[in-house]
file upload.cif (mmCIF, N, CA and C atoms)
data_upload
#
loop_
_atom_site.group_PDB
_atom_site.id
_atom_site.type_symbol
_atom_site.label_atom_id
_atom_site.label_comp_id
_atom_site.auth_asym_id
_atom_site.auth_seq_id
_atom_site.Cartn_x
_atom_site.Cartn_y
_atom_site.Cartn_z
ATOM 1 N N MET R 1 -117.842 -137.051 116.151
ATOM 2 C CA MET R 1 -117.289 -135.971 116.921
ATOM 3 C C MET R 1 -116.678 -134.914 116.007
ATOM 4 N N LEU R 2 -115.883 -135.369 115.028
ATOM 5 C CA LEU R 2 -115.243 -134.453 114.095
ATOM 6 C C LEU R 2 -116.292 -133.715 113.272
ATOM 7 N N VAL R 3 -117.369 -134.399 112.926
ATOM 8 C CA VAL R 3 -118.443 -133.783 112.142
ATOM 9 C C VAL R 3 -119.104 -132.679 112.950
ATOM 10 N N GLN R 4 -119.277 -132.916 114.249
ATOM 11 C CA GLN R 4 -119.883 -131.904 115.101
ATOM 12 C C GLN R 4 -118.981 -130.671 115.223
ATOM 13 N N ILE R 5 -117.704 -130.871 115.329
ATOM 14 C CA ILE R 5 -116.753 -129.756 115.434
ATOM 15 C C ILE R 5 -116.755 -128.950 114.140
ATOM 16 N N VAL R 6 -116.757 -129.657 113.003
ATOM 17 C CA VAL R 6 -116.786 -128.970 111.706
ATOM 18 C C VAL R 6 -118.090 -128.196 111.568
ATOM 19 N N GLY R 7 -119.193 -128.808 111.977
ATOM 20 C CA GLY R 7 -120.506 -128.146 111.910
ATOM 21 C C GLY R 7 -120.533 -126.891 112.766
ATOM 22 N N LEU R 8 -119.997 -126.984 113.990
ATOM 23 C CA LEU R 8 -119.958 -125.824 114.870
ATOM 24 C C LEU R 8 -119.039 -124.738 114.316
ATOM 25 N N SER R 9 -117.950 -125.144 113.692
ATOM 26 C CA SER R 9 -117.028 -124.181 113.090
ATOM 27 C C SER R 9 -117.706 -123.421 111.955
ATOM 28 N N VAL R 10 -118.469 -124.134 111.138
ATOM 29 C CA VAL R 10 -119.192 -123.492 110.031
ATOM 30 C C VAL R 10 -120.211 -122.501 110.582
ATOM 31 N N VAL R 11 -120.937 -122.886 111.615
ATOM 32 C CA VAL R 11 -121.925 -121.995 112.229
ATOM 33 C C VAL R 11 -121.232 -120.772 112.817
ATOM 34 N N LEU R 12 -120.088 -120.985 113.460
ATOM 35 C CA LEU R 12 -119.340 -119.881 114.042
ATOM 36 C C LEU R 12 -118.849 -118.921 112.973
ATOM 37 N N VAL R 13 -118.324 -119.427 111.882
ATOM 38 C CA VAL R 13 -117.841 -118.584 110.781
ATOM 39 C C VAL R 13 -119.012 -117.802 110.172
ATOM 40 N N ALA R 14 -120.133 -118.477 109.969
ATOM 41 C CA ALA R 14 -121.311 -117.802 109.406
ATOM 42 C C ALA R 14 -121.794 -116.695 110.341
ATOM 43 N N THR R 15 -121.789 -116.961 111.634
ATOM 44 C CA THR R 15 -122.196 -115.966 112.621
ATOM 45 C C THR R 15 -121.258 -114.770 112.606
ATOM 46 N N LEU R 16 -119.963 -115.030 112.509
ATOM 47 C CA LEU R 16 -118.980 -113.948 112.460
ATOM 48 C C LEU R 16 -119.157 -113.098 111.197
ATOM 49 N N ILE R 17 -119.446 -113.755 110.080
ATOM 50 C CA ILE R 17 -119.667 -113.018 108.828
ATOM 51 C C ILE R 17 -120.897 -112.119 108.960
ATOM 52 N N ILE R 18 -121.971 -112.672 109.501
ATOM 53 C CA ILE R 18 -123.201 -111.882 109.688
ATOM 54 C C ILE R 18 -122.943 -110.717 110.636
ATOM 55 N N LEU R 19 -122.229 -110.954 111.708
ATOM 56 C CA LEU R 19 -121.891 -109.905 112.669
ATOM 57 C C LEU R 19 -121.048 -108.816 112.016
ATOM 58 N N PHE R 20 -120.078 -109.214 111.205
ATOM 59 C CA PHE R 20 -119.230 -108.243 110.507
ATOM 60 C C PHE R 20 -120.061 -107.386 109.552
ATOM 61 N N VAL R 21 -120.981 -108.016 108.815
ATOM 62 C CA VAL R 21 -121.836 -107.274 107.882
ATOM 63 C C VAL R 21 -122.702 -106.271 108.647
ATOM 64 N N CYS R 22 -123.264 -106.694 109.773
ATOM 65 C CA CYS R 22 -124.097 -105.789 110.578
ATOM 66 C C CYS R 22 -123.284 -104.615 111.113
ATOM 67 N N ILE R 23 -122.105 -104.897 111.622
ATOM 68 C CA ILE R 23 -121.252 -103.836 112.181
ATOM 69 C C ILE R 23 -120.835 -102.859 111.083
ATOM 70 N N SER R 24 -120.425 -103.374 109.920
ATOM 71 C CA SER R 24 -119.999 -102.481 108.836
ATOM 72 C C SER R 24 -121.184 -101.670 108.326
ATOM 73 N N GLY R 25 -122.373 -102.262 108.314
ATOM 74 C CA GLY R 25 -123.575 -101.519 107.916
ATOM 75 C C GLY R 25 -123.874 -100.394 108.882
ATOM 76 N N ASN R 26 -123.719 -100.651 110.177
ATOM 77 C CA ASN R 26 -123.946 -99.618 111.184
ATOM 78 C C ASN R 26 -122.920 -98.500 111.077
ATOM 79 N N ILE R 27 -121.682 -98.861 110.753
ATOM 80 C CA ILE R 27 -120.643 -97.843 110.589
ATOM 81 C C ILE R 27 -120.988 -96.950 109.407
ATOM 82 N N ASN R 28 -121.448 -97.561 108.307
ATOM 83 C CA ASN R 28 -121.845 -96.772 107.138
ATOM 84 C C ASN R 28 -123.025 -95.864 107.469
ATOM 85 N N LEU R 29 -123.986 -96.373 108.231
ATOM 86 C CA LEU R 29 -125.137 -95.551 108.620
ATOM 87 C C LEU R 29 -124.703 -94.396 109.514
ATOM 88 N N LYS R 30 -123.782 -94.660 110.441
ATOM 89 C CA LYS R 30 -123.292 -93.587 111.316
ATOM 90 C C LYS R 30 -122.584 -92.519 110.499
ATOM 91 N N MET R 31 -121.794 -92.948 109.524
ATOM 92 C CA MET R 31 -121.105 -91.974 108.670
ATOM 93 C C MET R 31 -122.119 -91.153 107.875
ATOM 94 N N GLU R 32 -123.166 -91.795 107.393
ATOM 95 C CA GLU R 32 -124.212 -91.080 106.637
ATOM 96 C C GLU R 32 -124.943 -90.091 107.535
ATOM 97 N N VAL R 33 -125.241 -90.495 108.770
ATOM 98 C CA VAL R 33 -125.902 -89.595 109.720
ATOM 99 C C VAL R 33 -125.012 -88.392 110.024
ATOM 100 N N ASP R 34 -123.730 -88.626 110.229
ATOM 101 C CA ASP R 34 -122.793 -87.524 110.480
ATOM 102 C C ASP R 34 -122.737 -86.570 109.293
ATOM 103 N N LYS R 35 -122.730 -87.121 108.082
ATOM 104 C CA LYS R 35 -122.713 -86.287 106.873
ATOM 105 C C LYS R 35 -123.983 -85.436 106.807
ATOM 106 N N LEU R 36 -125.141 -86.036 107.088
ATOM 107 C CA LEU R 36 -126.402 -85.289 107.057
ATOM 108 C C LEU R 36 -126.446 -84.207 108.134
ATOM 109 N N LYS R 37 -125.855 -84.487 109.301
ATOM 110 C CA LYS R 37 -125.801 -83.479 110.362
ATOM 111 C C LYS R 37 -124.955 -82.282 109.919
ATOM 112 N N ARG R 38 -123.825 -82.557 109.259
ATOM 113 C CA ARG R 38 -122.977 -81.461 108.760
ATOM 114 C C ARG R 38 -123.716 -80.637 107.707
ATOM 115 N N GLN R 39 -124.428 -81.311 106.814
ATOM 116 C CA GLN R 39 -125.205 -80.599 105.798
ATOM 117 C C GLN R 39 -126.292 -79.750 106.451
ATOM 118 N N ASN R 40 -126.947 -80.296 107.470
ATOM 119 C CA ASN R 40 -127.995 -79.568 108.181
ATOM 120 C C ASN R 40 -127.427 -78.312 108.836
ATOM 121 N N ASP R 41 -126.271 -78.449 109.483
ATOM 122 C CA ASP R 41 -125.626 -77.298 110.115
ATOM 123 C C ASP R 41 -125.267 -76.234 109.078
ATOM 124 N N SER R 42 -124.768 -76.680 107.943
ATOM 125 C CA SER R 42 -124.410 -75.744 106.879
ATOM 126 C C SER R 42 -125.638 -75.006 106.366
ATOM 127 N N LEU R 43 -126.732 -75.739 106.175
ATOM 128 C CA LEU R 43 -127.966 -75.101 105.700
ATOM 129 C C LEU R 43 -128.529 -74.128 106.726
ATOM 130 N N ARG R 44 -128.451 -74.478 107.992
ATOM 131 C CA ARG R 44 -128.914 -73.559 109.041
ATOM 132 C C ARG R 44 -128.096 -72.273 109.026
ATOM 133 N N PHE R 45 -126.784 -72.409 108.854
ATOM 134 C CA PHE R 45 -125.919 -71.228 108.793
ATOM 135 C C PHE R 45 -126.292 -70.366 107.586
ATOM 136 N N ASN R 46 -126.547 -71.003 106.439
ATOM 137 C CA ASN R 46 -126.945 -70.260 105.246
ATOM 138 C C ASN R 46 -128.261 -69.518 105.457
ATOM 139 N N ILE R 47 -129.212 -70.151 106.139
ATOM 140 C CA ILE R 47 -130.501 -69.501 106.418
ATOM 141 C C ILE R 47 -130.294 -68.291 107.312
ATOM 142 N N ILE R 48 -129.449 -68.432 108.316
ATOM 143 C CA ILE R 48 -129.163 -67.306 109.214
ATOM 144 C C ILE R 48 -128.543 -66.158 108.427
ATOM 145 N N CYS R 49 -127.610 -66.473 107.532
ATOM 146 C CA CYS R 49 -126.970 -65.430 106.715
ATOM 147 C C CYS R 49 -127.992 -64.728 105.830
ATOM 148 N N VAL R 50 -128.886 -65.500 105.218
ATOM 149 C CA VAL R 50 -129.909 -64.906 104.352
ATOM 150 C C VAL R 50 -130.847 -64.023 105.170
ATOM 151 N N CYS R 51 -131.231 -64.468 106.359
ATOM 152 C CA CYS R 51 -132.104 -63.662 107.211
ATOM 153 C C CYS R 51 -131.423 -62.363 107.611
ATOM 154 N N GLU R 52 -130.156 -62.427 107.958
ATOM 155 C CA GLU R 52 -129.420 -61.220 108.339
ATOM 156 C C GLU R 52 -129.301 -60.265 107.150
ATOM 157 N N GLU R 53 -129.050 -60.806 105.973
ATOM 158 C CA GLU R 53 -128.970 -59.974 104.765
ATOM 159 C C GLU R 53 -130.322 -59.330 104.475
ATOM 160 N N ASN R 54 -131.386 -60.091 104.672
ATOM 161 C CA ASN R 54 -132.735 -59.570 104.464
ATOM 162 C C ASN R 54 -133.022 -58.415 105.430
ATOM 163 N N LYS R 55 -132.639 -58.579 106.688
ATOM 164 C CA LYS R 55 -132.833 -57.507 107.675
ATOM 165 C C LYS R 55 -132.034 -56.274 107.278
ATOM 166 N N ARG R 56 -130.790 -56.488 106.852
ATOM 167 C CA ARG R 56 -129.930 -55.374 106.464
ATOM 168 C C ARG R 56 -130.528 -54.601 105.291
ATOM 169 N N LEU R 57 -131.031 -55.336 104.301
ATOM 170 C CA LEU R 57 -131.628 -54.680 103.136
ATOM 171 C C LEU R 57 -132.932 -53.962 103.500
ATOM 172 N N ALA R 58 -133.711 -54.539 104.413
ATOM 173 C CA ALA R 58 -134.949 -53.898 104.842
ATOM 174 C C ALA R 58 -134.658 -52.588 105.558
ATOM 175 N N ILE R 59 -133.619 -52.568 106.372
ATOM 176 C CA ILE R 59 -133.235 -51.336 107.072
ATOM 177 C C ILE R 59 -132.724 -50.310 106.060
ATOM 178 N N LYS R 60 -131.974 -50.785 105.079
ATOM 179 C CA LYS R 60 -131.429 -49.883 104.071
ATOM 180 C C LYS R 60 -132.544 -49.267 103.219
ATOM 181 N N LEU R 61 -133.572 -50.028 102.966
ATOM 182 C CA LEU R 61 -134.689 -49.561 102.151
ATOM 183 C C LEU R 61 -135.470 -48.452 102.854
ATOM 184 N N LYS R 62 -135.689 -48.616 104.144
ATOM 185 C CA LYS R 62 -136.312 -47.638 105.040
ATOM 186 C C LYS R 62 -137.795 -47.384 104.791
ATOM 187 N N LYS R 63 -138.326 -47.707 103.655
ATOM 188 C CA LYS R 63 -139.752 -47.509 103.464
ATOM 189 C C LYS R 63 -140.329 -48.751 102.786
ATOM 190 N N PRO R 64 -141.512 -49.127 103.188
ATOM 191 C CA PRO R 64 -142.114 -50.315 102.593
ATOM 192 C C PRO R 64 -142.579 -50.020 101.167
ATOM 193 N N GLN R 65 -142.494 -51.015 100.344
ATOM 194 C CA GLN R 65 -142.987 -50.869 98.990
ATOM 195 C C GLN R 65 -144.480 -51.154 98.966
ATOM 196 N N ILE R 66 -145.209 -50.341 98.232
ATOM 197 C CA ILE R 66 -146.643 -50.560 98.088
ATOM 198 C C ILE R 66 -146.850 -51.338 96.799
ATOM 199 N N ILE R 67 -147.444 -52.477 96.937
ATOM 200 C CA ILE R 67 -147.677 -53.336 95.784
ATOM 201 C C ILE R 67 -149.128 -53.167 95.366
ATOM 202 N N THR R 68 -149.337 -52.732 94.153
ATOM 203 C CA THR R 68 -150.706 -52.581 93.655
ATOM 204 C C THR R 68 -151.084 -53.839 92.901
ATOM 205 N N PRO R 69 -152.311 -54.292 93.082
ATOM 206 C CA PRO R 69 -152.727 -55.509 92.403
ATOM 207 C C PRO R 69 -152.762 -55.308 90.885
ATOM 208 N N SER R 70 -152.304 -56.280 90.176
ATOM 209 C CA SER R 70 -152.307 -56.202 88.718
ATOM 210 C C SER R 70 -153.673 -56.616 88.190
ATOM 211 N N LEU R 71 -153.868 -56.345 86.929
ATOM 212 C CA LEU R 71 -155.128 -56.692 86.280
ATOM 213 C C LEU R 71 -155.341 -58.202 86.294
ATOM 214 N N GLU R 72 -154.244 -58.975 86.167
ATOM 215 C CA GLU R 72 -154.382 -60.439 86.171
ATOM 216 C C GLU R 72 -154.887 -60.950 87.518
ATOM 217 N N ILE R 73 -154.408 -60.332 88.588
ATOM 218 C CA ILE R 73 -154.861 -60.748 89.923
ATOM 219 C C ILE R 73 -156.328 -60.415 90.084
ATOM 220 N N GLU R 74 -156.699 -59.231 89.650
ATOM 221 C CA GLU R 74 -158.106 -58.823 89.746
ATOM 222 C C GLU R 74 -158.997 -59.778 88.947
ATOM 223 N N GLU R 75 -158.571 -60.141 87.745
ATOM 224 C CA GLU R 75 -159.348 -61.071 86.922
ATOM 225 C C GLU R 75 -159.419 -62.453 87.564
ATOM 226 N N ALA R 76 -158.322 -62.900 88.182
ATOM 227 C CA ALA R 76 -158.300 -64.218 88.830
ATOM 228 C C ALA R 76 -159.252 -64.244 90.021
ATOM 229 N N VAL R 77 -159.263 -63.155 90.803
ATOM 230 C CA VAL R 77 -160.171 -63.092 91.958
ATOM 231 C C VAL R 77 -161.616 -63.047 91.477
ATOM 232 N N HIS R 78 -161.874 -62.301 90.397
ATOM 233 C CA HIS R 78 -163.232 -62.232 89.839
ATOM 234 C C HIS R 78 -163.677 -63.610 89.363
ATOM 235 N N TYR R 79 -162.783 -64.326 88.683
ATOM 236 C CA TYR R 79 -163.094 -65.671 88.209
ATOM 237 C C TYR R 79 -163.405 -66.601 89.388
ATOM 238 N N ALA R 80 -162.582 -66.521 90.431
ATOM 239 C CA ALA R 80 -162.808 -67.365 91.617
ATOM 240 C C ALA R 80 -164.127 -67.006 92.284
ATOM 241 N N MET R 81 -164.452 -65.708 92.300
ATOM 242 C CA MET R 81 -165.717 -65.266 92.905
ATOM 243 C C MET R 81 -166.900 -65.832 92.121
ATOM 244 N N VAL R 82 -166.833 -65.790 90.794
ATOM 245 C CA VAL R 82 -167.918 -66.323 89.963
ATOM 246 C C VAL R 82 -168.051 -67.829 90.169
ATOM 247 N N LYS R 83 -166.927 -68.535 90.209
ATOM 248 C CA LYS R 83 -166.964 -69.989 90.399
ATOM 249 C C LYS R 83 -167.484 -70.374 91.784
ATOM 250 N N ALA R 84 -167.234 -69.518 92.781
ATOM 251 C CA ALA R 84 -167.655 -69.827 94.149
ATOM 252 C C ALA R 84 -169.104 -69.420 94.406
ATOM 253 N N HIS R 85 -169.749 -68.783 93.449
ATOM 254 C CA HIS R 85 -171.138 -68.342 93.649
ATOM 255 C C HIS R 85 -172.034 -69.559 93.849
ATOM 256 N N PRO R 86 -172.971 -69.480 94.793
ATOM 257 C CA PRO R 86 -173.861 -70.623 95.061
ATOM 258 C C PRO R 86 -174.669 -71.062 93.839
ATOM 259 N N ASP R 87 -175.004 -70.149 92.939
ATOM 260 C CA ASP R 87 -175.743 -70.531 91.732
ATOM 261 C C ASP R 87 -174.896 -71.388 90.795
ATOM 262 N N ASN R 88 -173.585 -71.308 90.964
ATOM 263 C CA ASN R 88 -172.675 -72.119 90.148
ATOM 264 C C ASN R 88 -172.180 -73.349 90.897
ATOM 265 N N GLY R 89 -172.796 -73.672 92.026
ATOM 266 C CA GLY R 89 -172.424 -74.859 92.789
ATOM 267 C C GLY R 89 -171.355 -74.612 93.834
ATOM 268 N N GLY R 90 -171.012 -73.348 94.064
ATOM 269 C CA GLY R 90 -169.991 -73.026 95.056
ATOM 270 C C GLY R 90 -170.580 -72.852 96.439
ATOM 271 N N LYS R 91 -169.720 -72.584 97.400
ATOM 272 C CA LYS R 91 -170.146 -72.375 98.788
ATOM 273 C C LYS R 91 -170.342 -70.886 99.037
ATOM 274 N N GLN R 92 -171.354 -70.566 99.810
ATOM 275 C CA GLN R 92 -171.676 -69.177 100.131
ATOM 276 C C GLN R 92 -170.510 -68.484 100.832
ATOM 277 N N GLU R 93 -169.857 -69.195 101.790
ATOM 278 C CA GLU R 93 -168.757 -68.589 102.539
ATOM 279 C C GLU R 93 -167.604 -68.215 101.610
ATOM 280 N N ASP R 94 -167.291 -69.107 100.675
ATOM 281 C CA ASP R 94 -166.195 -68.826 99.738
ATOM 282 C C ASP R 94 -166.537 -67.639 98.850
ATOM 283 N N PHE R 95 -167.796 -67.602 98.388
ATOM 284 C CA PHE R 95 -168.217 -66.495 97.539
ATOM 285 C C PHE R 95 -168.083 -65.160 98.262
ATOM 286 N N VAL R 96 -168.505 -65.112 99.525
ATOM 287 C CA VAL R 96 -168.427 -63.874 100.304
ATOM 288 C C VAL R 96 -166.969 -63.446 100.470
ATOM 289 N N LYS R 97 -166.090 -64.398 100.757
ATOM 290 C CA LYS R 97 -164.666 -64.064 100.919
ATOM 291 C C LYS R 97 -164.081 -63.482 99.631
ATOM 292 N N PHE R 98 -164.382 -64.130 98.496
ATOM 293 C CA PHE R 98 -163.852 -63.636 97.224
ATOM 294 C C PHE R 98 -164.468 -62.288 96.849
ATOM 295 N N ARG R 99 -165.753 -62.091 97.159
ATOM 296 C CA ARG R 99 -166.399 -60.821 96.850
ATOM 297 C C ARG R 99 -165.758 -59.686 97.646
ATOM 298 N N LYS R 100 -165.516 -59.925 98.941
ATOM 299 C CA LYS R 100 -164.869 -58.899 99.767
ATOM 300 C C LYS R 100 -163.472 -58.585 99.252
ATOM 301 N N LEU R 101 -162.727 -59.625 98.867
ATOM 302 C CA LEU R 101 -161.387 -59.419 98.327
ATOM 303 C C LEU R 101 -161.447 -58.638 97.022
ATOM 304 N N TYR R 102 -162.399 -58.976 96.166
ATOM 305 C CA TYR R 102 -162.546 -58.285 94.882
ATOM 306 C C TYR R 102 -162.899 -56.816 95.104
ATOM 307 N N GLU R 103 -163.814 -56.556 96.039
ATOM 308 C CA GLU R 103 -164.176 -55.168 96.343
ATOM 309 C C GLU R 103 -162.987 -54.403 96.902
ATOM 310 N N ARG R 104 -162.203 -55.051 97.753
ATOM 311 C CA ARG R 104 -161.027 -54.396 98.320
ATOM 312 C C ARG R 104 -159.988 -54.064 97.241
ATOM 313 N N ILE R 105 -159.807 -54.978 96.308
ATOM 314 C CA ILE R 105 -158.879 -54.732 95.214
ATOM 315 C C ILE R 105 -159.366 -53.562 94.371
ATOM 316 N N ASN R 106 -160.656 -53.527 94.075
ATOM 317 C CA ASN R 106 -161.202 -52.433 93.279
ATOM 318 C C ASN R 106 -161.097 -51.100 93.998
ATOM 319 N N ASN R 107 -161.316 -51.088 95.294
ATOM 320 C CA ASN R 107 -161.222 -49.845 96.065
ATOM 321 C C ASN R 107 -159.781 -49.337 96.149
ATOM 322 N N GLU R 108 -158.815 -50.265 96.267
ATOM 323 C CA GLU R 108 -157.409 -49.861 96.374
ATOM 324 C C GLU R 108 -156.855 -49.379 95.045
ATOM 325 N N SER R 109 -157.370 -49.917 93.950
ATOM 326 C CA SER R 109 -156.835 -49.528 92.645
ATOM 327 C C SER R 109 -157.388 -48.180 92.177
ATOM 328 N N LYS R 110 -158.439 -47.693 92.821
ATOM 329 C CA LYS R 110 -159.024 -46.404 92.401
ATOM 330 C C LYS R 110 -158.400 -45.260 93.123
#

call {"tool": "encode", "arguments": {"input": "upload.cif", "output": "structure tokens"}}
result
Amino acid sequence: MLVQIVGLSVVLVATLIILFVCISGNINLKMEVDKLKRQNDSLRFNIICVCEENKRLAIKLKKPQIITPSLEIEEAVHYAMVKAHPDNGGKQEDFVKFRKLYERINNESK
């Protein structure tokens, strides 16, 4: 009888220890989730601030900037066009797209 009581007591203590570990683990996870939620809110606020600053600067600028393609971009598109040529093992659709882009770059730079 005494052995059974001691055995049940050991099982009860072990169960309580396991329960305590699970509860403390859940508390730590909840704290981590709360921390991540606060960080997420902070990042969202920062994004909103950056977007508002971007809008303000765009209004202040008042005219769009015209970006002309550089020689490196033109050379890169030409290289991609040559690599995409069907005679070089490329796809016809890709070659046509790169050729049109290359022609557009050449027309805009003149």

call {"tool": "select_by_dssp", "arguments": {"input": "upload.cif", "residues": "chain R", "states": "alpha helix (DSSP H)", "output": "VMD selection string"}}
result
chain R and resid 2 to 61 71 to 84 92 to 109

call {"tool": "residues_around", "arguments": {"input": "upload.cif", "residues": "R:Ala84", "least_positions_apart": "4", "cutoff": "7 Å", "atoms": "only C-alpha atoms", "output": "VMD selection string"}}
result
chain R and resid 80 88 90 to 91 94 to 95

call {"tool": "atom_distance", "arguments": {"input": "upload.cif", "atom1": "atom CA of R:Val33", "atom2": "atom N of R:Phe45"}}
result
17.2 Å

call {"tool": "atom_distance", "arguments": {"input": "upload.cif", "atom1": "atom C of R:Leu43", "atom2": "atom CA of R:Ala58"}}
result
21.3 Å

call {"tool": "residues_around", "arguments": {"input": "upload.cif", "residues": "R:Tyr102", "least_positions_apart": "4", "cutoff": "6.5 Å", "atoms": "all atoms listed in the file", "output": "list in words"}}
result
Val77, His78, Lys97, Phe98, Asn106 and Asn107 of chain R

call {"tool": "atom_distance", "arguments": {"input": "upload.cif", "atom1": "atom C of R:Ile17", "atom2": "atom CA of R:Lys37"}}
result
29.1 Å

call {"tool": "axis_aligned_box", "arguments": {"input": "upload.cif", "around": "stretch 68-82 of chain R", "padding_each_side": "3 Å", "output": "AutoDock Vina command-line options"}}
result
--center_x -158.7 --center_y -60.2 --center_z 90.2 --size_x 24.7 --size_y 21.2 --size_z 14.0

call {"tool": "closest_residue", "arguments": {"input": "upload.cif", "among": "R:Arg99, R:Leu16, R:Ile23, R:Arg56", "to": "R:Ala76", "atoms": "only C-alpha atoms"}}
result
R:Arg99
